[in-house]
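Colleague: Before we start, here is the structure in question, set down as structure tokens.
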Amino acid sequence: MNRLLISAAHKSSGKTTLTIGLCAALRARGLSVQPFKKGPDFIDPMWLSAAAGRDCHNLDFYLMGRDEIQDTFVARSQGADIALIEGNKGLYDGLSLDGSNSNAALANLLQTPVVLVIDARGMTRGIAPLILGYQSFDRDIHIAGVILNQLGGSRHEAKLRAVIEHYTDVQVLGAVHHHDQLTIVERHLGLMPSNEATGAKAMIDSIAAMVSMHVDLDRLLAVAAQAPRLPTTGADIRPVPSFPKPDIRIGIARDAAFAFYYPGDLEALHAAGAELVPFDTLRDSTLPAVDALFIGGGFPEVHMAQLEANAPLRNAIRQSVEAGLPVYAECGGLMYLSRSLSWKAMRHEMVGVIPGDTVMHDRPKGRGYVLLRETGKGLWPLTSGKTPVEVRAHEFHYSSLENMPPDIQYAYDVLRGTGVDGSHDGIVYKNMLASYAHMRDLVGNHWAARFVGFVRTQKQSAGKLQAGGIDP
């Protein structure tokens with residue numbers, strides 16, 4: 001598999017924009033491009049998926065074992081001409097002091113050449129020791145080329161190329177000058193999601209045209225072809241799940257307010273026998289005929305006035321929860337199910353099944369990896385015995401739940417992270433589970449099949465009650 005890892009010297013070097021452009025530019029050449037993103041993220045993968053025309057998948061040392069990462073990469077790359085992995089933060093950045101979960105560690109695991117994106121604003125001769133230092137820091141990492149970014153013009157580019165050629169053996173694969181049109185609007189959690197950006201396709205096409213102009217795609221493809229063949233290890237990753245005939249219908253919120261879903265999780269729901277039925281929280285006045293709801297993360301605060309205005313749907317969801325409809329909500333979905341949502345001195349009514357008020361803050365309240373321990377009160381627990389099981393996940397939220405009563409049941413104790421109150425997460429009410437934590441359906445936590453199994457059991461129980469003449 002021809003492949004590259006696009007990394008950088010530090011965060012905010014422009015690697016996401018350049019990777020989006022590379023995906024689209026190579027796709028325009030007729031190549032099939034498989035994108036990947038290191039670490040937990042929803043927004044960058046949405047842009048990469050749109051640019052490549054193939055779902056972007058996340059590779060994560062905290063949530064996945066090394067074998068699972070490798071097998072997922074190999075399986076998801078099948079049928080593609082080239083795989084592009086976008087790193088997070090800088091090449092050697094990571095949680096561990098030894099770098100075992102860094103971008104460099106991922107490049108080493110997957111034996112992938114690295115293209116280093118360097119924000120070269122204000123740099124000339126100083127770029128040489130930067131490149132030499134990155135090369136010498138870990139000799140096992142193959143920095144196959146650099147793409148210079150945010151250049152001041154042709155004269156600046158010529159100076160940098162001369163310095164790099166004189167002092168290093170690294171080839172310059174591209175030199176991208178500063179262009180305002182290459183800037184994607186940012187929001188408090190990162191880039192604006194592609195599903196909300198006006199003219200996202202036009203933006204991607206513009207970035208691709210600029211990348212095609214300033215990056216030597218032929219040399220880049222030649223570097224990607226240097227990567228050796230990767231074997232599979234046989235980990236239980238279910239890379240291409242078979243989809244049985246569905247017997248469960250799950251309504252899934254898919255609109256401008258809610259869009260944070262991992263493609264692999266949606267596949268796992270299908271594989272467990274669920275049909276996913278989209279509904280729009282901003283425009284639909286009624287729920288579709290479904291056996292459960294899944295409301296993922298997103299930006300409900302940006303759309304809170306419109307969410308409040310859609311009172312018929314809010315009432316329908318509240319009545320469904322009270323009637324026992326299984327509901328799973330993550331982060332933005334939890335905010336939507338709360339009593340109210342306040343942001344920028346504005347307050348709007350939400351669904352109201354969670355007896356608390358969501359308040360947005362200027363700084364993150366919970367951001368990064370979390371470690372949870374099941375309390376035994378969850379609705380589709382991972383625990384099979386008496387010993388509580390620990391669950392790994394991640395969270396990204398600038399909000400907190402306030403005015404919560406003391407008698408709330410929680411599915412998880414928080415061992416690392418923030419959750420609802422710093423100690424608990426996973427609010428349980430009737431057949432609803434709502435948490436700040438984002439789960440991924442992986443080897444250590446196949447939550448999708450358990451959720452579908454719970455929904456199926458509830459549906460069967462309701463059918464028996466109806467058959468007995470009792471209205472559930």
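Following the order of the structure tokens, chains are lettered A, B, ..., residues in each are numbered from 1, and ligands are numbered from 1.
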Tell me, as a JSON list (two decimals) with N, CA and C atoms, in the first residue's frame, which residues lie within 10 Å of Arg363 (chain A), counting only C-alpha atoms; anything in the same chain fewer than 3 positions away does not count.

Modeller:
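Final file, result36.json:
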```
[["chain", "number", "residue", "atom", "x", "y", "z"],
["A", 188, "HIS", "N", -14.74, 26.80, 18.48],
["A", 188, "HIS", "CA", -14.09, 26.48, 19.75],
["A", 188, "HIS", "C", -13.58, 25.05, 19.84],
["A", 360, "MET", "N", -22.60, 26.90, 28.61],
["A", 360, "MET", "CA", -21.36, 26.96, 27.84],
["A", 360, "MET", "C", -20.35, 27.88, 28.54],
["A", 366, "GLY", "N", -13.99, 19.76, 29.70],
["A", 366, "GLY", "CA", -13.50, 18.39, 29.58],
["A", 366, "GLY", "C", -12.96, 18.18, 28.18],
["A", 367, "ARG", "N", -11.68, 17.81, 28.08],
["A", 367, "ARG", "CA", -11.08, 17.67, 26.75],
["A", 367, "ARG", "C", -9.95, 16.66, 26.81],
["A", 397, "HIS", "N", -15.72, 18.96, 25.41],
["A", 397, "HIS", "CA", -16.88, 19.83, 25.70],
["A", 397, "HIS", "C", -16.47, 21.08, 26.45],
["A", 398, "TYR", "N", -17.10, 22.17, 26.04],
["A", 398, "TYR", "CA", -16.94, 23.46, 26.70],
["A", 398, "TYR", "C", -18.12, 23.73, 27.63],
["A", 399, "SER", "N", -18.99, 22.79, 27.80],
["A", 399, "SER", "CA", -20.20, 22.98, 28.60],
["A", 399, "SER", "C", -20.13, 22.17, 29.89]]
```

Colleague: For Val391 (chain A), work out the shell of residues within 8 Å, counting only C-alpha atoms and skipping chain neighbours fewer than 3 positions away, then give it as a PyMOL selection string.

Modeller: chain A and resi 371-374+444-445

Colleague: Write out as a list of chain:residue names the set of residues from region 277-348 of chain A that DSSP, computed on the backbone, places in helix (DSSP H, G or I).

Modeller: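 Those in region 277-348 of chain A that DSSP calls helix (DSSP H, G or I) are A:Met304, A:Ala305, A:Gln306, A:Leu307, A:Glu308, A:Ala309, A:Ala311, A:Pro312, A:Leu313, A:Arg314, A:Asn315, A:Ala316, A:Ile317, A:Arg318, A:Gln319, A:Ser320, A:Val321, A:Glu322, A:Gly332, A:Gly333, A:Leu334, A:Met335, A:Tyr336, A:Leu337.
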
Colleague: Would you write out those residues with N, CA and C atoms, as an mmCIF file, in the first residue's frame?

Modeller:
```cif
data_model
loop_
_atom_site.group_PDB
_atom_site.id
_atom_site.type_symbol
_atom_site.label_atom_id
_atom_site.label_comp_id
_atom_site.auth_asym_id
_atom_site.auth_seq_id
_atom_site.Cartn_x
_atom_site.Cartn_y
_atom_site.Cartn_z
ATOM 1 N N MET A 304 -29.036 26.626 18.926
ATOM 2 C CA MET A 304 -29.973 26.427 20.037
ATOM 3 C C MET A 304 -31.290 27.163 19.850
ATOM 4 N N ALA A 305 -31.303 28.302 19.184
ATOM 5 C CA ALA A 305 -32.568 29.007 18.960
ATOM 6 C C ALA A 305 -33.475 28.192 18.047
ATOM 7 N N GLN A 306 -32.898 27.599 17.007
ATOM 8 C CA GLN A 306 -33.688 26.785 16.090
ATOM 9 C C GLN A 306 -34.126 25.483 16.739
ATOM 10 N N LEU A 307 -33.271 24.919 17.589
ATOM 11 C CA LEU A 307 -33.668 23.715 18.320
ATOM 12 C C LEU A 307 -34.840 24.007 19.248
ATOM 13 N N GLU A 308 -34.787 25.147 19.937
ATOM 14 C CA GLU A 308 -35.898 25.516 20.815
ATOM 15 C C GLU A 308 -37.166 25.751 20.014
ATOM 16 N N ALA A 309 -37.028 26.390 18.849
ATOM 17 C CA ALA A 309 -38.205 26.711 18.041
ATOM 18 C C ALA A 309 -38.930 25.468 17.552
ATOM 19 N N ALA A 311 -40.407 23.011 18.807
ATOM 20 C CA ALA A 311 -41.048 22.445 20.003
ATOM 21 C C ALA A 311 -41.734 21.112 19.739
ATOM 22 N N PRO A 312 -42.380 20.913 18.579
ATOM 23 C CA PRO A 312 -43.037 19.613 18.357
ATOM 24 C C PRO A 312 -42.079 18.434 18.449
ATOM 25 N N LEU A 313 -40.874 18.590 17.879
ATOM 26 C CA LEU A 313 -39.939 17.458 17.951
ATOM 27 C C LEU A 313 -39.397 17.300 19.364
ATOM 28 N N ARG A 314 -39.099 18.397 20.045
ATOM 29 C CA ARG A 314 -38.630 18.294 21.426
ATOM 30 C C ARG A 314 -39.665 17.576 22.290
ATOM 31 N N ASN A 315 -40.918 17.895 22.103
ATOM 32 C CA ASN A 315 -41.985 17.241 22.870
ATOM 33 C C ASN A 315 -42.082 15.761 22.517
ATOM 34 N N ALA A 316 -41.923 15.450 21.228
ATOM 35 C CA ALA A 316 -42.001 14.055 20.792
ATOM 36 C C ALA A 316 -40.874 13.226 21.404
ATOM 37 N N ILE A 317 -39.674 13.793 21.456
ATOM 38 C CA ILE A 317 -38.543 13.078 22.044
ATOM 39 C C ILE A 317 -38.759 12.902 23.547
ATOM 40 N N ARG A 318 -39.205 13.951 24.220
ATOM 41 C CA ARG A 318 -39.446 13.857 25.667
ATOM 42 C C ARG A 318 -40.508 12.805 25.977
ATOM 43 N N GLN A 319 -41.581 12.792 25.226
ATOM 44 C CA GLN A 319 -42.640 11.800 25.454
ATOM 45 C C GLN A 319 -42.144 10.384 25.166
ATOM 46 N N SER A 320 -41.289 10.245 24.155
ATOM 47 C CA SER A 320 -40.757 8.923 23.821
ATOM 48 C C SER A 320 -39.856 8.393 24.925
ATOM 49 N N VAL A 321 -39.012 9.266 25.476
ATOM 50 C CA VAL A 321 -38.150 8.852 26.587
ATOM 51 C C VAL A 321 -39.000 8.447 27.782
ATOM 52 N N GLU A 322 -40.005 9.240 28.102
ATOM 53 C CA GLU A 322 -40.877 8.929 29.242
ATOM 54 C C GLU A 322 -41.625 7.620 29.023
ATOM 55 N N GLY A 332 -23.076 16.488 22.705
ATOM 56 C CA GLY A 332 -24.074 17.398 22.177
ATOM 57 C C GLY A 332 -25.476 16.861 22.343
ATOM 58 N N GLY A 333 -25.636 15.543 22.208
ATOM 59 C CA GLY A 333 -26.937 14.928 22.427
ATOM 60 C C GLY A 333 -27.384 15.065 23.871
ATOM 61 N N LEU A 334 -26.432 14.910 24.809
ATOM 62 C CA LEU A 334 -26.734 15.128 26.226
ATOM 63 C C LEU A 334 -27.191 16.564 26.453
ATOM 64 N N MET A 335 -26.511 17.522 25.856
ATOM 65 C CA MET A 335 -26.878 18.937 26.005
ATOM 66 C C MET A 335 -28.297 19.183 25.502
ATOM 67 N N TYR A 336 -28.626 18.571 24.378
ATOM 68 C CA TYR A 336 -29.962 18.723 23.785
ATOM 69 C C TYR A 336 -31.045 18.126 24.683
ATOM 70 N N LEU A 337 -30.729 17.038 25.373
ATOM 71 C CA LEU A 337 -31.720 16.378 26.232
ATOM 72 C C LEU A 337 -31.875 17.055 27.591
#
```

Colleague: Figure out the distance between CA of Ser7 (chain A) and CA of Pro129 (chain A), please, to one decimal in Å.

Modeller: 17.6 Å

Colleague: Quick one: pick out all strand (DSSP E or B) residues within region 107-160 of chain A from a backbone DSSP run and write them as a PyMOL selection string.

Modeller: chain A and resi 114-119+143-151

Colleague: How close does each residue of region 300-417 of chain A get to region 38-62 of chain A, giving the shortest atom pair and distance in Å to one decimal for every residue with an atom at most 8 Å away, counting only C-alpha atoms, sorted by chain and residue number, as a tab-separated table?

Modeller:
```
residue	atom	partner	partner_atom	distance
A:Tyr369	CA	A:Tyr62	CA	7.8
A:Arg392	CA	A:Tyr62	CA	7.7
A:His394	CA	A:Pro40	CA	7.1
```

Colleague: Any idea what's packed within 10 Å of Pro244 (chain A), counting only C-alpha atoms, ignoring anything in its chain fewer than 3 positions away? Could you give it as a VMD selection string?

Modeller: chain A and resid 241 247 270 to 275

Colleague: Hey, which of A:Glu267, A:Asp218, A:Glu395, A:Asp362 ends up closest to Gly297 (chain A)? Count only C-alpha atoms.

Modeller: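 The answer is A:Glu395, which sits nearest to Gly297 (chain A).
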
Colleague: Which residue gives the smallest distance to Tyr167 (chain A) among A:Lys11, A:Lys386, A:Arg66, A:Arg125, with only C-alpha atoms counted?

Modeller: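 Among the listed residues, A:Arg125 lies closest to Tyr167 (chain A).
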
Colleague: Write out as a PyMOL selection string each polymer residue whose atoms come within 9 Å of Ile131 (chain A), counting only C-alpha atoms; drop sequence neighbours fewer than 6 positions from it.

Modeller: chain A and resi 9+116+146+164+168+170

Colleague: Using only C-alpha atoms, find the one residue out of A:Phe279, A:Tyr134, A:Phe243, A:Phe299 that sits nearest to Phe258 (chain A).

Modeller: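 Of all the options, A:Phe299 lies closest to Phe258 (chain A).
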